[in-house]
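**Q** Following this message is one structure expressed as structure tokens.
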Amino acid sequence: MRIDATGLHLALGARPVLAGIDLALAPGELVGLIGPNGAGKTTLLRVLAALQEPDAGTVRYDGLPARQLGRDRLARGLAVLMQGDEVQWPLRADHLVALGRLPHRRALGGMSAADHDAVTRALEAADAVHLRRRTVGTLSAGERMRVLFARALAVEAPILFADEPVAALDPFHQLQIMELLQARAQAGAGVLVVLHDLALAGRFCDRLVLLQGGTVLAEGPPHEVLTDDHLRRAYAVEVQRGERDGIGYVLPWSRIAMPER
Amino acid sequence: MTAGADTSAPSYALLVAGLALVALACLAGSAATGYAPLDLPAATGDLLAGRQSLPALVLLELRLPRALLGLLVGFSLGLGGAATQGLLRNPLAEPGVIGVSAAAALGAVLVFYTGLAGSFALALPLGGIAGAVLATLLLLTLARRGAGTMTVILAGVAISSAAGALTALALNLSPNPYAALEIVFWLMGSLADRSLEHVWLVLPPMALGWTLILAGARALDALTLGEDTAASLGFDLGRLRLQLIAGTALAVGSAVAVTGAIGFVGLVVPHLLRPLVGHRPGRLLLVSGLGGAVLLLLADIGLRLVRVQPELKLGVITAVIGAPFLFSLIWRLRRSA
């Protein structure tokens, strides 16, 4: 499934959050959505996932608007891992992952053998099989994120969205989650991930979309997006650069005076 | 390797079957309990054979309505409690939070106050149901159009306070002390002196309410992960809110309308049973209904066995059991925070 969004506008109260955004996501690519706080990243993700209606503009899934595609097909086609996904009740990890199968289940009846297999595959892919009998409250932040990630994987949707999945994790688990996202894209899914870490964004993503003030400031391969000029304008920072195995990376180094907006 | 296999599935079926059997046993126990001796097998035999014997009449007119209402009201309160806690994602929520109990009580009190209660037998429960329906319509109006969970809670609290204030006003202005006393006693909640007519009156709205609530089981499971994730799994949260609020209002509003206010069942039962279903809110629904029926029937049997006069009110018993439980719950939540 591919997503094509055009001319997205959205205001929350009097504040315009999205001010004319076009964005496409194709199967097999890992797209990083970056930008300063309040740039509209999470709102854009919610609009693209049909969790929020835009004031203007359209989002199409394989050419169809969400209304025409239908709630059920959309739920099977697009999995979303929300930022800081809360877990209200202390569920066991495998029960939590099994929630990802809800879009596939018939109105009545329990989990099918296929559903159980999908849960197992998701736990394996997220390196969380050994956690399956643990309750969520007993997991560390890294383990918990992997279980939540497995929940999103269990949908086995051709599109995967993740909103800041590495924000609360240590470097080891940050790399682990990024590798999982990359593997998902290489397996043919279209993956859109919101990131604050520019080094991870530059290293893992096939394409970056840099948002600022509700518009796309830059879009393209990481080396075209993470330029000094763009980063100054979007984040008001100077960066240090390095390179390893032909892959460039940036490290935020110093603040500069906020540019006039 | 069956890593994802749901090994707790058989135990869930066992749990439901076990609770259902216990509920039926309590139903029989309630029918067997009373102030006058009754040969239950003989009475049942007479009743089934259509013989108009005295034991058959006692069973049909006194024991059976009380036992059946205990079952229906307990089921409604337990189920409504589990639904409210699941929807609001809060272990301290109960059906009273959405204001329906207080409004149903007000409806019945107004029937008392206006003297309609004496005119025909079902005036009281009909008044209660009218109160519950009006409160639900008000709640749904306030909580419509994309309003979140917080709006639902605030609207419920507002409806509760308003209904409480008007109930107090009715008591304040009541024409004579006996009327006030009658209202106060009714508000304490009881299953005594109800007839089969009461059962037939509340059964349809309750059954509709139960259906609405039980149909929301999966959406409640999904809601464990938050509203956005639940929506991304294909559930329409606006519809779910309407469905569960309407279901709870129908079930619990009807319950309050025939029995008066019986608190704490909807709070305590889901909380006790939650660990047995792995904390899954969808599975908690049915078992909480059965557990509520068991608890209420046991309490009603108990208050007849202790033979205190005047008879202890059922709502008083459940509150006396429930209040310390609430303290212990808060104590545990405080420690785990």
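Letters for chains follow the order of the structure tokens (A, B, ...), residue numbers begin at 1 for each chain, and ligand numbers begin at 1 in the order shown.
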Please check the contacts: residues of chain B at most 7 Å away from chain A, using only C-alpha atoms, listed as a PyMOL selection string.
**A** chain B and resi 3-5+89+222+224-226+228-229+231-234+278-280
**Q** Enter the distance from CA of Leu38 in chain B to CA of Leu64 in chain B, in Å, rounded to one decimal.
**A**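 Value for the CA of Leu38 in chain B-CA of Leu64 in chain B distance: 12.3 Å.
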**Q** Output as a PyMOL selection string all residues of range 59-261 of chain A that backbone DSSP marks as strand (DSSP E or B).
**A** chain A and resi 59-61+64-65+78-81+92+135+159-163+190-194+207-212+215-220+237-244+247-255
**Q** How about saving the chosen residues, N, CA and C atoms kept, as a tab-separated table (two decimals), in the first residue's frame?
**A**
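In the end it all went to selection.tsv:
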```tsv
chain	number	residue	atom	x	y	z
A	59	VAL	N	-5.71	12.64	1.96
A	59	VAL	CA	-4.77	11.54	2.14
A	59	VAL	C	-5.38	10.35	1.43
A	60	ARG	N	-4.61	9.75	0.52
A	60	ARG	CA	-5.13	8.59	-0.20
A	60	ARG	C	-4.27	7.37	0.05
A	61	TYR	N	-4.95	6.23	0.22
A	61	TYR	CA	-4.26	4.97	0.44
A	61	TYR	C	-4.50	4.11	-0.79
A	64	LEU	N	-7.25	5.61	-2.66
A	64	LEU	CA	-8.58	5.76	-2.05
A	64	LEU	C	-8.50	6.60	-0.78
A	65	PRO	N	-9.46	7.49	-0.57
A	65	PRO	CA	-9.52	8.17	0.73
A	65	PRO	C	-9.96	7.19	1.82
A	78	LEU	N	-2.48	-0.37	7.94
A	78	LEU	CA	-1.61	0.64	8.53
A	78	LEU	C	-1.51	0.43	10.04
A	79	ALA	N	-0.31	0.11	10.51
A	79	ALA	CA	-0.10	-0.08	11.95
A	79	ALA	C	0.59	1.16	12.51
A	80	VAL	N	0.17	1.58	13.69
A	80	VAL	CA	0.71	2.80	14.28
A	80	VAL	C	1.26	2.51	15.66
A	81	LEU	N	2.50	2.91	15.89
A	81	LEU	CA	3.10	2.83	17.22
A	81	LEU	C	3.19	4.25	17.74
A	92	ARG	N	-0.25	-9.20	30.20
A	92	ARG	CA	0.92	-10.01	29.89
A	92	ARG	C	1.38	-9.64	28.49
A	135	THR	N	4.45	-9.50	32.70
A	135	THR	CA	3.45	-8.44	32.61
A	135	THR	C	4.16	-7.12	32.32
A	159	ILE	N	2.02	-0.90	5.90
A	159	ILE	CA	2.54	0.42	6.29
A	159	ILE	C	2.72	0.42	7.80
A	160	LEU	N	3.86	0.98	8.25
A	160	LEU	CA	4.11	1.08	9.69
A	160	LEU	C	4.50	2.52	10.03
A	161	PHE	N	3.79	3.10	10.99
A	161	PHE	CA	4.16	4.42	11.50
A	161	PHE	C	4.70	4.26	12.91
A	162	ALA	N	5.73	5.03	13.25
A	162	ALA	CA	6.22	5.01	14.63
A	162	ALA	C	6.57	6.44	15.04
A	163	ASP	N	5.98	6.88	16.16
A	163	ASP	CA	6.19	8.25	16.62
A	163	ASP	C	7.23	8.25	17.75
A	190	GLY	N	6.22	0.05	3.90
A	190	GLY	CA	6.51	1.48	3.90
A	190	GLY	C	6.54	1.92	5.36
A	191	VAL	N	7.68	2.50	5.78
A	191	VAL	CA	7.82	2.83	7.20
A	191	VAL	C	8.06	4.33	7.35
A	192	LEU	N	7.27	4.95	8.21
A	192	LEU	CA	7.42	6.38	8.51
A	192	LEU	C	7.71	6.52	9.99
A	193	VAL	N	8.86	7.14	10.32
A	193	VAL	CA	9.24	7.23	11.72
A	193	VAL	C	9.57	8.68	12.09
A	194	VAL	N	9.01	9.14	13.20
A	194	VAL	CA	9.31	10.47	13.71
A	194	VAL	C	10.54	10.36	14.60
A	207	ARG	N	15.04	8.30	3.27
A	207	ARG	CA	14.60	9.63	2.87
A	207	ARG	C	14.20	10.37	4.13
A	208	LEU	N	14.47	11.67	4.17
A	208	LEU	CA	14.07	12.47	5.33
A	208	LEU	C	13.11	13.57	4.89
A	209	VAL	N	12.16	13.87	5.76
A	209	VAL	CA	11.27	15.01	5.55
A	209	VAL	C	11.46	15.92	6.74
A	210	LEU	N	11.96	17.13	6.47
A	210	LEU	CA	12.24	18.08	7.54
A	210	LEU	C	11.09	19.08	7.61
A	211	LEU	N	10.38	19.04	8.73
A	211	LEU	CA	9.24	19.96	8.92
A	211	LEU	C	9.68	21.16	9.73
A	212	GLN	N	9.11	22.29	9.38
A	212	GLN	CA	9.28	23.47	10.22
A	212	GLN	C	8.06	24.35	10.10
A	215	THR	N	5.27	23.33	7.62
A	215	THR	CA	5.54	23.13	6.19
A	215	THR	C	6.79	22.28	6.02
A	216	VAL	N	6.96	21.73	4.84
A	216	VAL	CA	8.15	20.93	4.56
A	216	VAL	C	9.27	21.86	4.15
A	217	LEU	N	10.31	21.92	5.01
A	217	LEU	CA	11.45	22.79	4.72
A	217	LEU	C	12.38	22.12	3.72
A	218	ALA	N	12.53	20.81	3.85
A	218	ALA	CA	13.39	20.08	2.92
A	218	ALA	C	12.97	18.63	2.90
A	219	GLU	N	13.24	17.98	1.77
A	219	GLU	CA	12.87	16.58	1.63
A	219	GLU	C	13.81	15.91	0.65
A	220	GLY	N	14.25	14.69	0.97
A	220	GLY	CA	15.13	13.98	0.06
A	220	GLY	C	16.04	13.04	0.81
A	237	VAL	N	20.74	25.39	15.19
A	237	VAL	CA	21.96	24.79	15.74
A	237	VAL	C	23.04	24.68	14.66
A	238	GLU	N	24.29	24.69	15.14
A	238	GLU	CA	25.42	24.32	14.29
A	238	GLU	C	25.75	22.87	14.59
A	239	VAL	N	26.20	22.13	13.58
A	239	VAL	CA	26.48	20.71	13.80
A	239	VAL	C	27.94	20.39	13.51
A	240	GLN	N	28.42	19.30	14.09
A	240	GLN	CA	29.69	18.68	13.71
A	240	GLN	C	29.36	17.53	12.77
A	241	ARG	N	30.26	17.27	11.83
A	241	ARG	CA	29.99	16.20	10.88
A	241	ARG	C	31.07	15.12	10.95
A	242	GLY	N	30.70	13.93	10.62
A	242	GLY	CA	31.66	12.84	10.52
A	242	GLY	C	31.22	11.88	9.45
A	243	GLU	N	32.05	10.87	9.21
A	243	GLU	CA	31.68	9.89	8.19
A	243	GLU	C	32.26	8.55	8.57
A	244	ARG	N	31.51	7.49	8.33
A	244	ARG	CA	32.00	6.14	8.60
A	244	ARG	C	31.39	5.23	7.54
A	247	ILE	N	28.92	6.62	5.10
A	247	ILE	CA	27.68	7.20	5.59
A	247	ILE	C	28.02	8.41	6.46
A	248	GLY	N	27.47	9.55	6.09
A	248	GLY	CA	27.74	10.75	6.87
A	248	GLY	C	26.81	10.85	8.06
A	249	TYR	N	27.26	11.52	9.13
A	249	TYR	CA	26.37	11.76	10.26
A	249	TYR	C	26.61	13.14	10.82
A	250	VAL	N	25.62	13.64	11.49
A	250	VAL	CA	25.75	14.98	12.08
A	250	VAL	C	25.53	14.88	13.58
A	251	LEU	N	26.17	15.80	14.30
A	251	LEU	CA	26.06	15.84	15.75
A	251	LEU	C	25.79	17.28	16.13
A	252	PRO	N	24.63	17.59	16.70
A	252	PRO	CA	24.33	18.97	17.10
A	252	PRO	C	25.42	19.46	18.05
A	253	TRP	N	25.97	20.66	17.79
A	253	TRP	CA	27.14	21.09	18.55
A	253	TRP	C	26.89	22.37	19.33
A	254	SER	N	26.32	23.38	18.69
A	254	SER	CA	26.11	24.64	19.42
A	254	SER	C	24.85	25.33	18.94
A	255	ARG	N	24.27	26.10	19.86
A	255	ARG	CA	23.07	26.86	19.50
A	255	ARG	C	23.46	28.15	18.82
```
**Q** Do a neighbour search on range 2-12 of chain A at 9 Å with only C-alpha atoms, toss out local chain neighbours closer than 6 positions, and write the hits as a ChimeraX atom specification.
**A** /A:18-27,43-44,47-48,53-63,158-159,190,214
**Q** Can you work out the spacing between CA of Leu71 in chain B and CA of Gly291 in chain B in Å, to one decimal?
**A**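 If I compute the distance from CA of Leu71 in chain B to CA of Gly291 in chain B, I get 9.9 Å.
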**Q** Here is a test: counting only C-alpha atoms, which residue of B:Cys26, B:Ala67, B:Leu54, B:Leu124 is nearest to Ala192 in chain B?
**A** B:Ala67
**Q** For a test of reading the model, state the distance in Å between CA of Arg63 in chain B and CA of Val269 in chain B, rounded to one decimal.
**A**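 Distance reported for this atom pair: 24.8 Å.
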**Q** Name the residues of range 184-217 of chain B that fall into helix (DSSP H, G or I) according to DSSP on the backbone, using the chain letters and numbers of this document, as a list in words.
**A**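 The helix (DSSP H, G or I) subset of range 184-217 of chain B is Val184, Phe185, Trp186, Leu187, Leu196, Glu197, His198, Val199, Trp200, Leu201, Val202, Leu203, Pro204, Pro205, Met206, Ala207, Leu208, Gly209, Trp210, Thr211, Leu212, Ile213, Leu214 and Ala217 of chain B.
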**Q** Limited to C-alpha atoms, could you put the picked residues into a file as an mmCIF file, in the first residue's frame?
**A**
```
data_model
loop_
_atom_site.group_PDB
_atom_site.id
_atom_site.type_symbol
_atom_site.label_atom_id
_atom_site.label_comp_id
_atom_site.auth_asym_id
_atom_site.auth_seq_id
_atom_site.Cartn_x
_atom_site.Cartn_y
_atom_site.Cartn_z
ATOM 1 C CA VAL B 184 -34.629 7.627 52.796
ATOM 2 C CA PHE B 185 -35.280 3.920 53.318
ATOM 3 C CA TRP B 186 -35.926 3.394 49.631
ATOM 4 C CA LEU B 187 -32.675 5.147 48.771
ATOM 5 C CA LEU B 196 -42.411 -10.625 39.174
ATOM 6 C CA GLU B 197 -43.866 -7.559 37.465
ATOM 7 C CA HIS B 198 -40.696 -5.726 38.476
ATOM 8 C CA VAL B 199 -38.637 -8.497 36.919
ATOM 9 C CA TRP B 200 -40.510 -8.302 33.605
ATOM 10 C CA LEU B 201 -40.289 -4.502 33.629
ATOM 11 C CA VAL B 202 -36.510 -4.310 33.955
ATOM 12 C CA LEU B 203 -35.514 -7.412 32.013
ATOM 13 C CA PRO B 204 -35.803 -5.925 28.480
ATOM 14 C CA PRO B 205 -33.845 -2.704 29.126
ATOM 15 C CA MET B 206 -31.264 -4.645 31.119
ATOM 16 C CA ALA B 207 -30.823 -7.264 28.412
ATOM 17 C CA LEU B 208 -30.406 -4.530 25.813
ATOM 18 C CA GLY B 209 -27.843 -2.806 28.036
ATOM 19 C CA TRP B 210 -25.919 -6.045 28.574
ATOM 20 C CA THR B 211 -25.821 -6.683 24.821
ATOM 21 C CA LEU B 212 -24.501 -3.193 24.106
ATOM 22 C CA ILE B 213 -21.795 -3.546 26.748
ATOM 23 C CA LEU B 214 -20.687 -7.080 25.854
ATOM 24 C CA ALA B 217 -15.410 -6.150 24.648
#
```
